[in-house]
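K.L.:
Right, I'll just put the structure down here and ask away after.
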Amino acid sequence: MEENIKVEDDIKVFGFWIYLMTDLIIFAVLFACFIVLRNSTFGGPSGHELFRMSSVLIETLALLTSSFTCSLAMFEIQQKRKNMATFWFAVTFALGMVFLFIEFSEFSELMDKGANWQRSAFLSAFFTLVGTHGLHISVGLLWIIIAIFRVWLRPLSAFNVCNIFRLVLFWHFLDLVWIFIFTVVYGTGHLL
Amino acid sequence: MENMEKFIFGKLTLDALPHLWYTIGATASILLMGIVFAIILTKTKLWGWLWHEWLTSTDPKKIGTMYLIFAALMFFRGLIDAGMIWIQQAMAADSTGYLSADHFQQIFTSHGDIMVFFVTMGIFFGLMNWIIPLQIGARDLAYPFVNSLGFWLTVAGGILINLFFVVGGDFANTGWLAPAPLSELEFNPGVGVDYLIWSLQLSGLGSLLAGINFIVTIIKERAPGMTLMKMPLFVWTSLCGMLLIITAFPVLTATTLLLWLDRFFGMHFFTTGFGGNQMMYFNLIWMWGHPEVYILVLPAFGLYSEIVATFSQKKIAGYTSMVIAALSITALSYLVWLHHFFTMGAGADVNSFFGIVTMLIAIPSGVQVFNWILTMYKGKVIFASPMYWFMGFVATFMLGGMTGVFMASPPADFQVHNSLFLIAHFHTMIVGVALFGSFAGITYWFPKIMGFTLNERLGKYAFWLWLIGFFVSFIPLYLLGFKGATRRLDHYAASTDWQPLYITAAIGFIIITCGILMQIYQLIVSIKERKLHLDTTGDPWNGRTLEWSTTSPPPHYNFAVIPTVSGRDPFWEMKLQGVQKGRRPGKDYPQKNYPEKEYSEKEYKDILLPKNTAMGIYISAFAFVFGFAVVWHILWLATIGLVGTIVCVIIISFDEHREYILPAAEVAQNEASIKSLVQG
Amino acid sequence: MYQKTLSLRIFGFIASFILTVAAFLIIIHPGLFHLENRAAIVIILSLALLQFIIQSIFFLDLGRETGPQWILAFFISTLFIILIIVFFSIWIMDHLNYNMMPMS
């Protein structure tokens with residue numbers, strides 16, 4: 001078996017990139033909806049009244065760190081150090097769970113205040129945009145579990161390493177989207 | 001008890017079973033056809049053959065054939081819809097005709113969706129699956145499994161859009177784009193719109209996967225020497241169409257999903273209350289809708305370029321300008337969507353921006369038309385039937401293009417907005433460009449697909465019936481539009497004097513139907529006398545591109561040895577240089593019996609080919625179950641569908657051995673047997 | 001080679017971290033930096049864009065494909081499409097609202 005598996009130029013990675021671009025366009029539509037509907041609160045609460053910035057910051061930093069640890073896991077995979085790779089994937093998974101937990105408690109807090117997605121078009125757009133990102137995170141978490149199994153059950157062949165590499169791309173990509181949710185949804189929502 | 005029932009069946013009740021004349025009729029005929037089909041398969045013991053050779057196949061040629069058959073089936077469904085619309089409108093002056101208003105609305109909705117999503121896109125996906133790998137000198141697509149999955153998802157969408165006949169009884173009555181707020185729960189509490197949404201979700205996902213697959217294939221899998229600027233124009237315009245698919249279809253997915261969130265979770269994106277914004281729906285759906293038009297016509301443009309060059313026996317005029325034109329159309333088509341709703345009131349500056357960009361599209365389109373005509377100029381034009389379709393297309397494209405530029409001007413558009421003038425315009429484009437194109441393409445590549453040519457004489461009859469029928473049925477619609485007839489009218493006052501024109505249009509439809517019957521007859525006759533029209537050379541039209549360099553039909557590995565390309569019309573050049581032994585090209589037509597290039601056994605190498613897999617069918621089946629369950633709000637079934645889909649995806653992601661090796665010796669043996677078959 | 005990769009990742013992480021915290025501080029206390037709210041929005045959007053570029057380069061290895069830069073080409077064209085979707089939607093809908101919904 002070759003020493004270092006170079007997967008970046010695999011044809012599957014290219015196709016996966018194109019898939020990521022299409023996903024990015026779905027998010028663009030959701031962002032467009034959110035921005036257009038940002039003032040359509042219909043007498044309900046606005047973002048400024050609802051968002052708790054401190055928990056959003058923790059969420060953001062957790063996701064950013066997980067993006068970093070995920071790249072470390074990939075680094076270890078390429079060095080063929082299964083234990084270290086598993087460790088970093090576990091850290092990534094834990095941070096992802098922290099993120100999802102904070103998001104979930106934020107959502108339930110909003111629902112308790114009566115600010116649910118049926119309250120106004122603004123809240124529909126908010127829940128859909130942030131929720132779609134959360135759904136992607138859940139898919140990513142499932143994929144991380146499968147990747148850990150893959151590391152232990154299967155040889156680190158080009159096929160399997162390429163699959164894990166695509167997971168890492170996916171996870172980084174989710175953090176990229178989150179930068180804009182943080183800025184556009186929470187940041188401008190808090191400032192306006 | 002009632003809660004239990006609600007949990008198990010969701011919104012599904014006994015009322016959903018067929019009880020109207022058309023649902024009972026359709027259900028009965030679906031069952032009857034299914035039973036007959038099953039009996040035939042059982043009697044001939046062909047179940048295994050169907051499953052192993054076709055349904056689970058990952059060979060793009062077989063998937064392409066399945067796309068074509070599927071599109072043909074859907075075409076008859078859409079055609080019946082069209083006929084019912086025309087007959088109703090011809091009858092309904094001062095009367096209600098024979099259809100209720102609601103039924104009429106359901107018919108034009110399903111006519112639009114089926115013709116756009118399943119017929120036109122299906123035919124082009126079929127042709128692209130067949131031809132693109134052959135034209136770029138590849139053995140299969142980049143992701144054979146994804147190709148199979150994309151096809152089956154499209155089929156799942158196609159079944160879902162027809163399923164209301166059996167379960168539900170009513171379809172969306174909203175028009176093909178399901179505009180909000182008409183499609184919201186408030187005005188449309190039935191399941192028709194949900195069927196529409198989930199059918200588009202599944203088939204849209206299928207198209208997206210196919211789009212990604214073709215892009216990667218075209219960019220990464222070309223034969224050695226085939227640089228981008230040496231690709232055949234069909235490959236170029238297909239690439240442009242696929243680029244539009246990957247950028248536009250996510251918008252459709254997101255928009256229809258938002259509509260579904262409104263309907264399912266009670267959100268307020270496009271509702272009339274709670275701050276919802278219905279105009280945002282139009283904005284988003286047309287952001288997909290306009291590129292969609294070019295997804296349908298761009299592959300046709302490339303196909304015409306191939307045909308006009310082949311039958312003029314000349315290289316295409318202005319290849320570079322053709323590529324630039326196709327790319328500009330691709331880019332511009334993403335900047336014009338507002339011209340579908342000039343009348344909504346965005347104001348002068350927004351309307352004029354989009355009006356001007358729309359008019360700009362006429363420039364690259366004009367470049368293409370002039371290049372086609374210049375290609376014919378001083379060529380030795382052979383008027384075979386694909387060329388007939390091409391000539392018919394140029395005429396209709398002129399008409400459609402000019403009415404399009406006319407409507408690109410906002411003040412003019414205000415006069416004819418949503419009138420039959422618009423209907424006539426876009427049918428001129430979609431029938432005259434895309435559908436004529438697919439007929440041209442099917443006639444042109446039929447020998448490659450089946451191994452024998454179609455009957456030319458009957459093909460030309462069919463063309464004339466189609467062309468005349470087309471003008472007889474759509475010119476009256478232009479006139480009606482000027483007289484003020486709006487689209488989607490189920491009845492009108494006799495004092496409007498519209499009825500004679502509506503009747504003329506219906507006569508045109510009858511002529512078109514005769515054209516279609518003629519095509520079916522042509523197919524039957526051609527199959528019967530196939531021995532007379534056998535294509536033994538693999539090159540019946542004296543072609544220019546690589547697909548003609550292999551046998552007809554091609555072996556499942558396409559090329560025994562991957563060709564090396566040095567020019568734009570690689571096969572033509574091979575013929576000129578005598579690499580492909582035989583006569584010089586261009587002397588006489590059709591060429592018969594010039595021998596293939598002989599390869600020595602040493603040149604054959606082991607070939608890596610994709611294995612068959614049923615996973616595409618399983619995933620699509622689970623996705624179909626999910627779609628059906630969500631339509632009827634049956635949560636347990638939806639969970640099964642979703643979990644099943646995910647589990648299948650995980651299983652296939654662990655399957656490392658998706659390919660098998662065809663040994664070089666077997667390739668040599670196969671090639672020898674093909675040769676003896678052709679010579680014998 | 002791999003040592004270099006590791007240092008790229010660490011740099012990307014630290015830079016993103018700093019940019020996030022900076023954006024957060026501006027959001028919470030725009031007055032601290034003597035910023036109007038509108039100016040603050042422009043600045044946090046620029047910070048987001050900067051972080052986006054940094055993560056694309058240092059985490060996603062954008063532009064380090066061997067051979068023709070297809071991924072980069074697709075990435076940039078997608079960004080154009082996204083700009084069209086978002087900004088034209090805002091432009092169109094603002095005009096529609098201005099013309100058609102004078103009450104709101």
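Following the order of the structure tokens, chains are lettered A, B, ..., residues in each are numbered from 1, and ligands are numbered from 1.
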Between chain B and chain A, at 8 Å or less, what are the per-residue closest atom pairs and their distances in Å? Count only C-alpha atoms, order by chain and rising residue number, and return it as JSON lines.
P.N.:
```
{"residue": "B:Ala142", "atom": "CA", "partner": "A:Ile11", "partner_atom": "CA", "distance": 7.7}
{"residue": "B:Ile212", "atom": "CA", "partner": "A:Gly15", "partner_atom": "CA", "distance": 6.4}
{"residue": "B:Asn213", "atom": "CA", "partner": "A:Gly15", "partner_atom": "CA", "distance": 7.3}
{"residue": "B:Val216", "atom": "CA", "partner": "A:Gly15", "partner_atom": "CA", "distance": 6.2}
{"residue": "B:Lys220", "atom": "CA", "partner": "A:Ile11", "partner_atom": "CA", "distance": 7.5}
{"residue": "B:Ile246", "atom": "CA", "partner": "A:Thr22", "partner_atom": "CA", "distance": 6.0}
{"residue": "B:Thr247", "atom": "CA", "partner": "A:Thr22", "partner_atom": "CA", "distance": 6.3}
{"residue": "B:Pro250", "atom": "CA", "partner": "A:Ile26", "partner_atom": "CA", "distance": 5.3}
{"residue": "B:Val251", "atom": "CA", "partner": "A:Ile26", "partner_atom": "CA", "distance": 6.0}
{"residue": "B:Thr253", "atom": "CA", "partner": "A:Ile26", "partner_atom": "CA", "distance": 7.6}
{"residue": "B:Ala254", "atom": "CA", "partner": "A:Ile26", "partner_atom": "CA", "distance": 5.7}
{"residue": "B:Thr255", "atom": "CA", "partner": "A:Val29", "partner_atom": "CA", "distance": 7.8}
{"residue": "B:Phe265", "atom": "CA", "partner": "A:Gln118", "partner_atom": "CA", "distance": 7.8}
{"residue": "B:Gly266", "atom": "CA", "partner": "A:Gln118", "partner_atom": "CA", "distance": 5.8}
{"residue": "B:Met267", "atom": "CA", "partner": "A:Gln118", "partner_atom": "CA", "distance": 5.0}
{"residue": "B:His268", "atom": "CA", "partner": "A:Ala121", "partner_atom": "CA", "distance": 4.7}
{"residue": "B:Phe269", "atom": "CA", "partner": "A:Ala121", "partner_atom": "CA", "distance": 5.5}
{"residue": "B:Phe274", "atom": "CA", "partner": "A:Ser120", "partner_atom": "CA", "distance": 4.9}
{"residue": "B:Gly275", "atom": "CA", "partner": "A:Ser40", "partner_atom": "CA", "distance": 4.8}
{"residue": "B:Gly276", "atom": "CA", "partner": "A:Ala121", "partner_atom": "CA", "distance": 5.2}
{"residue": "B:Asn277", "atom": "CA", "partner": "A:Leu37", "partner_atom": "CA", "distance": 7.6}
{"residue": "B:Met280", "atom": "CA", "partner": "A:Cys33", "partner_atom": "CA", "distance": 7.6}
{"residue": "B:Leu284", "atom": "CA", "partner": "A:Val29", "partner_atom": "CA", "distance": 7.8}
{"residue": "B:Ser653", "atom": "CA", "partner": "A:Asn163", "partner_atom": "CA", "distance": 8.0}
{"residue": "B:Glu656", "atom": "CA", "partner": "A:Phe159", "partner_atom": "CA", "distance": 6.8}
```
K.L.:
Need the shell around segment 59-64 of chain C: protein/DNA/RNA residues with any atom at most 12 Å away, counting only C-alpha atoms. Skip same-chain ones fewer than 3 positions apart. Format as a JSON list (two decimals) with N, CA, C and O atoms, in the first residue's frame?
P.N.:
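Writing the result to around07.json gives the following:
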```
[["chain", "number", "residue", "atom", "x", "y", "z"],
["A", 8, "GLU", "N", -7.16, 14.39, -2.61],
["A", 8, "GLU", "CA", -7.75, 15.67, -2.99],
["A", 8, "GLU", "C", -8.14, 15.72, -4.45],
["A", 8, "GLU", "O", -9.04, 16.45, -4.83],
["A", 9, "ASP", "N", -7.45, 14.96, -5.29],
["A", 9, "ASP", "CA", -7.73, 15.04, -6.71],
["A", 9, "ASP", "C", -8.64, 13.91, -7.19],
["A", 9, "ASP", "O", -8.85, 13.75, -8.38],
["A", 13, "VAL", "N", -14.19, 13.58, -5.20],
["A", 13, "VAL", "CA", -14.09, 14.82, -4.44],
["A", 13, "VAL", "C", -14.61, 15.98, -5.30],
["A", 13, "VAL", "O", -15.33, 16.86, -4.82],
["A", 14, "PHE", "N", -14.28, 15.94, -6.57],
["A", 14, "PHE", "CA", -14.74, 17.00, -7.47],
["A", 14, "PHE", "C", -16.27, 17.02, -7.54],
["A", 14, "PHE", "O", -16.91, 18.07, -7.40],
["A", 17, "TRP", "N", -17.70, 18.38, -4.40],
["A", 17, "TRP", "CA", -17.61, 19.85, -4.38],
["A", 17, "TRP", "C", -18.80, 20.47, -5.11],
["A", 17, "TRP", "O", -19.39, 21.44, -4.65],
["A", 20, "LEU", "N", -21.68, 20.33, -2.97],
["A", 20, "LEU", "CA", -21.63, 21.36, -1.92],
["A", 20, "LEU", "C", -22.06, 22.71, -2.48],
["A", 20, "LEU", "O", -22.75, 23.49, -1.81],
["A", 64, "LEU", "N", -16.63, 26.30, 15.26],
["A", 64, "LEU", "CA", -15.35, 26.64, 14.66],
["A", 64, "LEU", "C", -14.28, 25.66, 15.13],
["A", 64, "LEU", "O", -13.49, 25.14, 14.34],
["A", 65, "THR", "N", -14.25, 25.40, 16.45],
["A", 65, "THR", "CA", -13.25, 24.47, 16.99],
["A", 65, "THR", "C", -13.45, 23.08, 16.40],
["A", 65, "THR", "O", -12.49, 22.38, 16.08],
["A", 66, "SER", "N", -14.73, 22.68, 16.26],
["A", 66, "SER", "CA", -14.97, 21.35, 15.71],
["A", 66, "SER", "C", -14.46, 21.27, 14.28],
["A", 66, "SER", "O", -13.95, 20.24, 13.84],
["A", 67, "SER", "N", -14.60, 22.37, 13.53],
["A", 67, "SER", "CA", -14.10, 22.39, 12.17],
["A", 67, "SER", "C", -12.58, 22.15, 12.17],
["A", 67, "SER", "O", -12.05, 21.42, 11.34],
["A", 68, "PHE", "N", -11.91, 22.77, 13.15],
["A", 68, "PHE", "CA", -10.46, 22.62, 13.26],
["A", 68, "PHE", "C", -10.09, 21.19, 13.66],
["A", 68, "PHE", "O", -9.24, 20.55, 13.02],
["A", 69, "THR", "N", -10.78, 20.64, 14.68],
["A", 69, "THR", "CA", -10.44, 19.28, 15.13],
["A", 69, "THR", "C", -10.73, 18.27, 14.03],
["A", 69, "THR", "O", -10.05, 17.25, 13.92],
["A", 70, "CYS", "N", -11.75, 18.58, 13.22],
["A", 70, "CYS", "CA", -12.07, 17.69, 12.12],
["A", 70, "CYS", "C", -10.91, 17.62, 11.12],
["A", 70, "CYS", "O", -10.56, 16.55, 10.63],
["A", 71, "SER", "N", -10.29, 18.79, 10.87],
["A", 71, "SER", "CA", -9.14, 18.78, 9.96],
["A", 71, "SER", "C", -7.97, 18.03, 10.59],
["A", 71, "SER", "O", -7.19, 17.37, 9.90],
["A", 72, "LEU", "N", -7.86, 18.11, 11.93],
["A", 72, "LEU", "CA", -6.80, 17.35, 12.60],
["A", 72, "LEU", "C", -7.04, 15.84, 12.43],
["A", 72, "LEU", "O", -6.10, 15.07, 12.21],
["A", 74, "MET", "N", -8.48, 14.38, 9.96],
["A", 74, "MET", "CA", -8.09, 14.01, 8.59],
["A", 74, "MET", "C", -6.57, 13.90, 8.49],
["A", 74, "MET", "O", -6.04, 13.00, 7.84],
["A", 75, "PHE", "N", -5.90, 14.84, 9.17],
["A", 75, "PHE", "CA", -4.43, 14.82, 9.19],
["A", 75, "PHE", "C", -3.93, 13.49, 9.75],
["A", 75, "PHE", "O", -3.04, 12.85, 9.19],
["A", 165, "PHE", "N", -12.57, 11.97, 3.71],
["A", 165, "PHE", "CA", -12.17, 13.31, 3.26],
["A", 165, "PHE", "C", -13.40, 14.14, 2.88],
["A", 165, "PHE", "O", -13.50, 15.32, 3.18],
["A", 166, "ARG", "N", -14.38, 13.48, 2.25],
["A", 166, "ARG", "CA", -15.59, 14.21, 1.87],
["A", 166, "ARG", "C", -16.38, 14.63, 3.10],
["A", 166, "ARG", "O", -16.97, 15.71, 3.13],
["A", 167, "LEU", "N", -16.36, 13.78, 4.13],
["A", 167, "LEU", "CA", -17.01, 14.18, 5.39],
["A", 167, "LEU", "C", -16.36, 15.45, 5.92],
["A", 167, "LEU", "O", -17.05, 16.38, 6.35],
["A", 168, "VAL", "N", -15.02, 15.48, 5.88],
["A", 168, "VAL", "CA", -14.31, 16.64, 6.42],
["A", 168, "VAL", "C", -14.68, 17.89, 5.62],
["A", 168, "VAL", "O", -14.94, 18.97, 6.20],
["A", 169, "LEU", "N", -14.74, 17.75, 4.30],
["A", 169, "LEU", "CA", -15.16, 18.88, 3.46],
["A", 169, "LEU", "C", -16.55, 19.37, 3.88],
["A", 169, "LEU", "O", -16.80, 20.57, 4.02],
["A", 170, "PHE", "N", -17.46, 18.40, 4.07],
["A", 170, "PHE", "CA", -18.83, 18.72, 4.42],
["A", 170, "PHE", "C", -18.86, 19.50, 5.73],
["A", 170, "PHE", "O", -19.55, 20.52, 5.86],
["A", 171, "TRP", "N", -18.06, 19.05, 6.69],
["A", 171, "TRP", "CA", -18.08, 19.68, 8.01],
["A", 171, "TRP", "C", -17.52, 21.10, 7.94],
["A", 171, "TRP", "O", -18.08, 22.04, 8.52],
["A", 172, "HIS", "N", -16.42, 21.27, 7.21],
["A", 172, "HIS", "CA", -15.87, 22.63, 7.03],
["A", 172, "HIS", "C", -16.91, 23.54, 6.39],
["A", 172, "HIS", "O", -17.08, 24.69, 6.75],
["A", 173, "PHE", "N", -17.58, 22.96, 5.39],
["A", 173, "PHE", "CA", -18.56, 23.73, 4.63],
["A", 173, "PHE", "C", -19.70, 24.22, 5.54],
["A", 173, "PHE", "O", -20.17, 25.35, 5.43],
["A", 174, "LEU", "N", -20.10, 23.38, 6.51],
["A", 174, "LEU", "CA", -21.15, 23.80, 7.43],
["A", 174, "LEU", "C", -20.70, 24.97, 8.28],
["A", 174, "LEU", "O", -21.48, 25.86, 8.60],
["A", 175, "ASP", "N", -19.42, 24.98, 8.63],
["A", 175, "ASP", "CA", -18.91, 26.12, 9.39],
["A", 175, "ASP", "C", -18.90, 27.38, 8.54],
["A", 175, "ASP", "O", -19.22, 28.46, 9.02],
["A", 176, "LEU", "N", -18.58, 27.21, 7.25],
["A", 176, "LEU", "CA", -18.62, 28.37, 6.34],
["A", 176, "LEU", "C", -20.01, 28.99, 6.32],
["A", 176, "LEU", "O", -20.16, 30.21, 6.37],
["C", 5, "THR", "N", 0.84, 21.44, 6.18],
["C", 5, "THR", "CA", -0.62, 21.38, 6.25],
["C", 5, "THR", "C", -1.10, 21.72, 7.65],
["C", 5, "THR", "O", -2.02, 22.51, 7.83],
["C", 6, "LEU", "N", -0.43, 21.10, 8.64],
["C", 6, "LEU", "CA", -0.83, 21.31, 10.03],
["C", 6, "LEU", "C", -0.74, 22.78, 10.40],
["C", 6, "LEU", "O", -1.65, 23.35, 11.01],
["C", 7, "SER", "N", 0.36, 23.43, 9.99],
["C", 7, "SER", "CA", 0.50, 24.84, 10.38],
["C", 7, "SER", "C", -0.53, 25.71, 9.67],
["C", 7, "SER", "O", -1.01, 26.69, 10.24],
["C", 8, "LEU", "N", -0.91, 25.32, 8.43],
["C", 8, "LEU", "CA", -1.98, 26.05, 7.74],
["C", 8, "LEU", "C", -3.27, 25.98, 8.56],
["C", 8, "LEU", "O", -3.95, 26.99, 8.77],
["C", 9, "ARG", "N", -3.60, 24.77, 9.01],
["C", 9, "ARG", "CA", -4.84, 24.58, 9.77],
["C", 9, "ARG", "C", -4.83, 25.42, 11.05],
["C", 9, "ARG", "O", -5.81, 26.08, 11.38],
["C", 10, "ILE", "N", -3.67, 25.37, 11.75],
["C", 10, "ILE", "CA", -3.60, 26.11, 13.03],
["C", 10, "ILE", "C", -3.76, 27.60, 12.77],
["C", 10, "ILE", "O", -4.51, 28.29, 13.46],
["C", 11, "PHE", "N", -3.10, 28.09, 11.72],
["C", 11, "PHE", "CA", -3.22, 29.51, 11.41],
["C", 11, "PHE", "C", -4.67, 29.86, 11.10],
["C", 11, "PHE", "O", -5.22, 30.84, 11.60],
["C", 12, "GLY", "N", -5.33, 29.02, 10.28],
["C", 12, "GLY", "CA", -6.72, 29.28, 9.92],
["C", 12, "GLY", "C", -7.61, 29.33, 11.14],
["C", 12, "GLY", "O", -8.48, 30.20, 11.26],
["C", 13, "PHE", "N", -7.35, 28.40, 12.07],
["C", 13, "PHE", "CA", -8.18, 28.34, 13.27],
["C", 13, "PHE", "C", -8.01, 29.60, 14.10],
["C", 13, "PHE", "O", -9.00, 30.23, 14.51],
["C", 14, "ILE", "N", -6.74, 29.99, 14.35],
["C", 14, "ILE", "CA", -6.51, 31.17, 15.21],
["C", 14, "ILE", "C", -7.11, 32.41, 14.56],
["C", 14, "ILE", "O", -7.80, 33.21, 15.21],
["C", 15, "ALA", "N", -6.89, 32.58, 13.26],
["C", 15, "ALA", "CA", -7.41, 33.77, 12.58],
["C", 15, "ALA", "C", -8.93, 33.80, 12.65],
["C", 15, "ALA", "O", -9.54, 34.84, 12.95],
["C", 16, "SER", "N", -9.58, 32.64, 12.40],
["C", 16, "SER", "CA", -11.04, 32.61, 12.44],
["C", 16, "SER", "C", -11.55, 32.92, 13.84],
["C", 16, "SER", "O", -12.54, 33.64, 14.01],
["C", 51, "GLN", "N", -13.38, 36.03, 7.03],
["C", 51, "GLN", "CA", -13.28, 34.71, 7.65],
["C", 51, "GLN", "C", -13.64, 33.61, 6.65],
["C", 51, "GLN", "O", -13.05, 32.53, 6.65],
["C", 52, "PHE", "N", -14.64, 33.92, 5.80],
["C", 52, "PHE", "CA", -15.05, 32.98, 4.76],
["C", 52, "PHE", "C", -13.86, 32.66, 3.86],
["C", 52, "PHE", "O", -13.57, 31.49, 3.58],
["C", 53, "ILE", "N", -13.15, 33.72, 3.43],
["C", 53, "ILE", "CA", -12.00, 33.50, 2.54],
["C", 53, "ILE", "C", -10.91, 32.70, 3.27],
["C", 53, "ILE", "O", -10.33, 31.75, 2.74],
["C", 54, "ILE", "N", -10.66, 33.08, 4.54],
["C", 54, "ILE", "CA", -9.59, 32.41, 5.30],
["C", 54, "ILE", "C", -9.91, 30.92, 5.45],
["C", 54, "ILE", "O", -9.07, 30.06, 5.21],
["C", 55, "GLN", "N", -11.17, 30.62, 5.82],
["C", 55, "GLN", "CA", -11.51, 29.20, 6.00],
["C", 55, "GLN", "C", -11.47, 28.45, 4.68],
["C", 55, "GLN", "O", -11.08, 27.28, 4.63],
["C", 56, "SER", "N", -11.90, 29.13, 3.60],
["C", 56, "SER", "CA", -11.86, 28.44, 2.30],
["C", 56, "SER", "C", -10.44, 28.06, 1.93],
["C", 56, "SER", "O", -10.19, 26.99, 1.39],
["C", 67, "GLY", "N", -3.33, 20.54, -11.48],
["C", 67, "GLY", "CA", -3.96, 20.65, -12.79],
["C", 67, "GLY", "C", -4.87, 21.87, -12.83],
["C", 67, "GLY", "O", -4.76, 22.77, -12.00],
["C", 68, "PRO", "N", -5.79, 21.90, -13.81],
["C", 68, "PRO", "CA", -6.66, 23.07, -13.94],
["C", 68, "PRO", "C", -7.49, 23.29, -12.68],
["C", 68, "PRO", "O", -7.91, 22.32, -12.05],
["C", 69, "GLN", "N", -7.73, 24.52, -12.34],
["C", 69, "GLN", "CA", -8.40, 24.84, -11.08],
["C", 69, "GLN", "C", -9.92, 24.77, -11.23],
["C", 69, "GLN", "O", -10.62, 25.77, -11.11],
["C", 70, "TRP", "N", -10.44, 23.58, -11.50],
["C", 70, "TRP", "CA", -11.88, 23.46, -11.72],
["C", 70, "TRP", "C", -12.68, 23.78, -10.48],
["C", 70, "TRP", "O", -13.71, 24.44, -10.54],
["C", 71, "ILE", "N", -12.20, 23.31, -9.33],
["C", 71, "ILE", "CA", -12.96, 23.52, -8.10],
["C", 71, "ILE", "C", -13.06, 25.00, -7.81],
["C", 71, "ILE", "O", -14.13, 25.53, -7.51],
["C", 72, "LEU", "N", -11.92, 25.70, -7.97],
["C", 72, "LEU", "CA", -11.92, 27.14, -7.74],
["C", 72, "LEU", "C", -12.89, 27.83, -8.69],
["C", 72, "LEU", "O", -13.66, 28.71, -8.30],
["C", 73, "ALA", "N", -12.88, 27.39, -9.95],
["C", 73, "ALA", "CA", -13.77, 28.00, -10.95],
["C", 73, "ALA", "C", -15.23, 27.80, -10.55],
["C", 73, "ALA", "O", -16.03, 28.75, -10.59],
["C", 74, "PHE", "N", -15.58, 26.59, -10.14],
["C", 74, "PHE", "CA", -16.96, 26.33, -9.73],
["C", 74, "PHE", "C", -17.31, 27.14, -8.49],
["C", 74, "PHE", "O", -18.41, 27.66, -8.36],
["C", 75, "PHE", "N", -16.34, 27.21, -7.57],
["C", 75, "PHE", "CA", -16.59, 27.94, -6.32],
["C", 75, "PHE", "C", -16.90, 29.40, -6.61],
["C", 75, "PHE", "O", -17.90, 29.95, -6.15],
["C", 76, "ILE", "N", -16.06, 30.02, -7.45],
["C", 76, "ILE", "CA", -16.26, 31.45, -7.71],
["C", 76, "ILE", "C", -17.55, 31.68, -8.49],
["C", 76, "ILE", "O", -18.31, 32.60, -8.19]]
```
K.L.:
Could the residues of chain C that have an atom at most 10 Å from chain B be listed as a tab-separated table, each with its closest atom pair and the distance in Å to one decimal, counting only C-alpha atoms and ordered by chain and ascending residue number?
P.N.:
```
residue	atom	partner	partner_atom	distance
C:Trp70	CA	B:Ile219	CA	8.6
C:Phe74	CA	B:Leu243	CA	9.6
C:Ser77	CA	B:Thr247	CA	9.6
C:Thr78	CA	B:Thr247	CA	7.5
C:Ile81	CA	B:Thr247	CA	7.4
C:Ile82	CA	B:Thr247	CA	9.2
C:Ile84	CA	B:Leu335	CA	7.8
C:Ile85	CA	B:Met287	CA	7.9
C:Phe88	CA	B:Leu335	CA	9.0
C:Ser89	CA	B:Asn283	CA	7.1
C:Ile90	CA	B:Met280	CA	9.8
C:Trp91	CA	B:Val350	CA	8.1
C:Ile92	CA	B:Ala346	CA	6.2
C:Met93	CA	B:Met280	CA	7.1
C:Asp94	CA	B:Ala346	CA	8.2
C:His95	CA	B:Ala346	CA	5.0
C:Leu96	CA	B:Ala346	CA	4.4
C:Asn97	CA	B:Ala346	CA	8.0
C:Tyr98	CA	B:Ala346	CA	8.2
C:Asn99	CA	B:Gly345	CA	6.4
C:Met100	CA	B:Gly345	CA	6.6
```
K.L.:
Using only C-alpha atoms for the distances, tell me which of A:Val91, A:Val185, A:Ile148, A:Ile179 is nearest to chain C.
P.N.:
A:Ile179
K.L.:
Kindly give the distance, in Å, that separates atom CA of Val155 of chain B and atom CA of Asp81 of chain B, rounded to a single decimal.
P.N.:
19.4 Å
K.L.:
Could you please write out, as a PyMOL selection string, every residue of chain C that DSSP assigns to alpha helix (DSSP H)?
P.N.:
chain C and resi 2-28+37-58+70-83+89-100
K.L.:
Find, counting only C-alpha atoms, the residue in C:Val42, C:Ile27, C:Leu19, C:Leu35 that gets nearest to chain A.
P.N.:
C:Ile27
K.L.:
Neighbouring residues of segment 486-489 of chain B were defined as those with any atom within 6 Å, considering only C-alpha atoms; residues of the same chain fewer than 2 positions away were excluded. Please report them as a short mmCIF file (atom, residue, chain, number, x, y, z; two decimals) with N, CA, C and O atoms, in the first residue's frame.
P.N.:
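Generated output (selection-v1.cif):
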```cif
data_model
loop_
_atom_site.label_atom_id
_atom_site.label_comp_id
_atom_site.auth_asym_id
_atom_site.auth_seq_id
_atom_site.Cartn_x
_atom_site.Cartn_y
_atom_site.Cartn_z
N ASN B 418 -49.76 36.89 -19.64
CA ASN B 418 -50.69 35.81 -19.29
C ASN B 418 -51.83 35.63 -20.28
O ASN B 418 -52.89 35.11 -19.93
N SER B 419 -51.62 36.10 -21.51
CA SER B 419 -52.64 35.84 -22.53
C SER B 419 -52.22 34.60 -23.31
O SER B 419 -51.15 34.04 -23.09
N LEU B 420 -53.05 34.20 -24.26
CA LEU B 420 -52.68 33.05 -25.07
C LEU B 420 -51.48 33.34 -25.96
O LEU B 420 -50.83 32.44 -26.46
N HIS B 491 -64.12 28.36 -19.97
CA HIS B 491 -65.22 28.72 -20.86
C HIS B 491 -65.18 30.23 -21.11
O HIS B 491 -64.49 30.97 -20.41
#
```
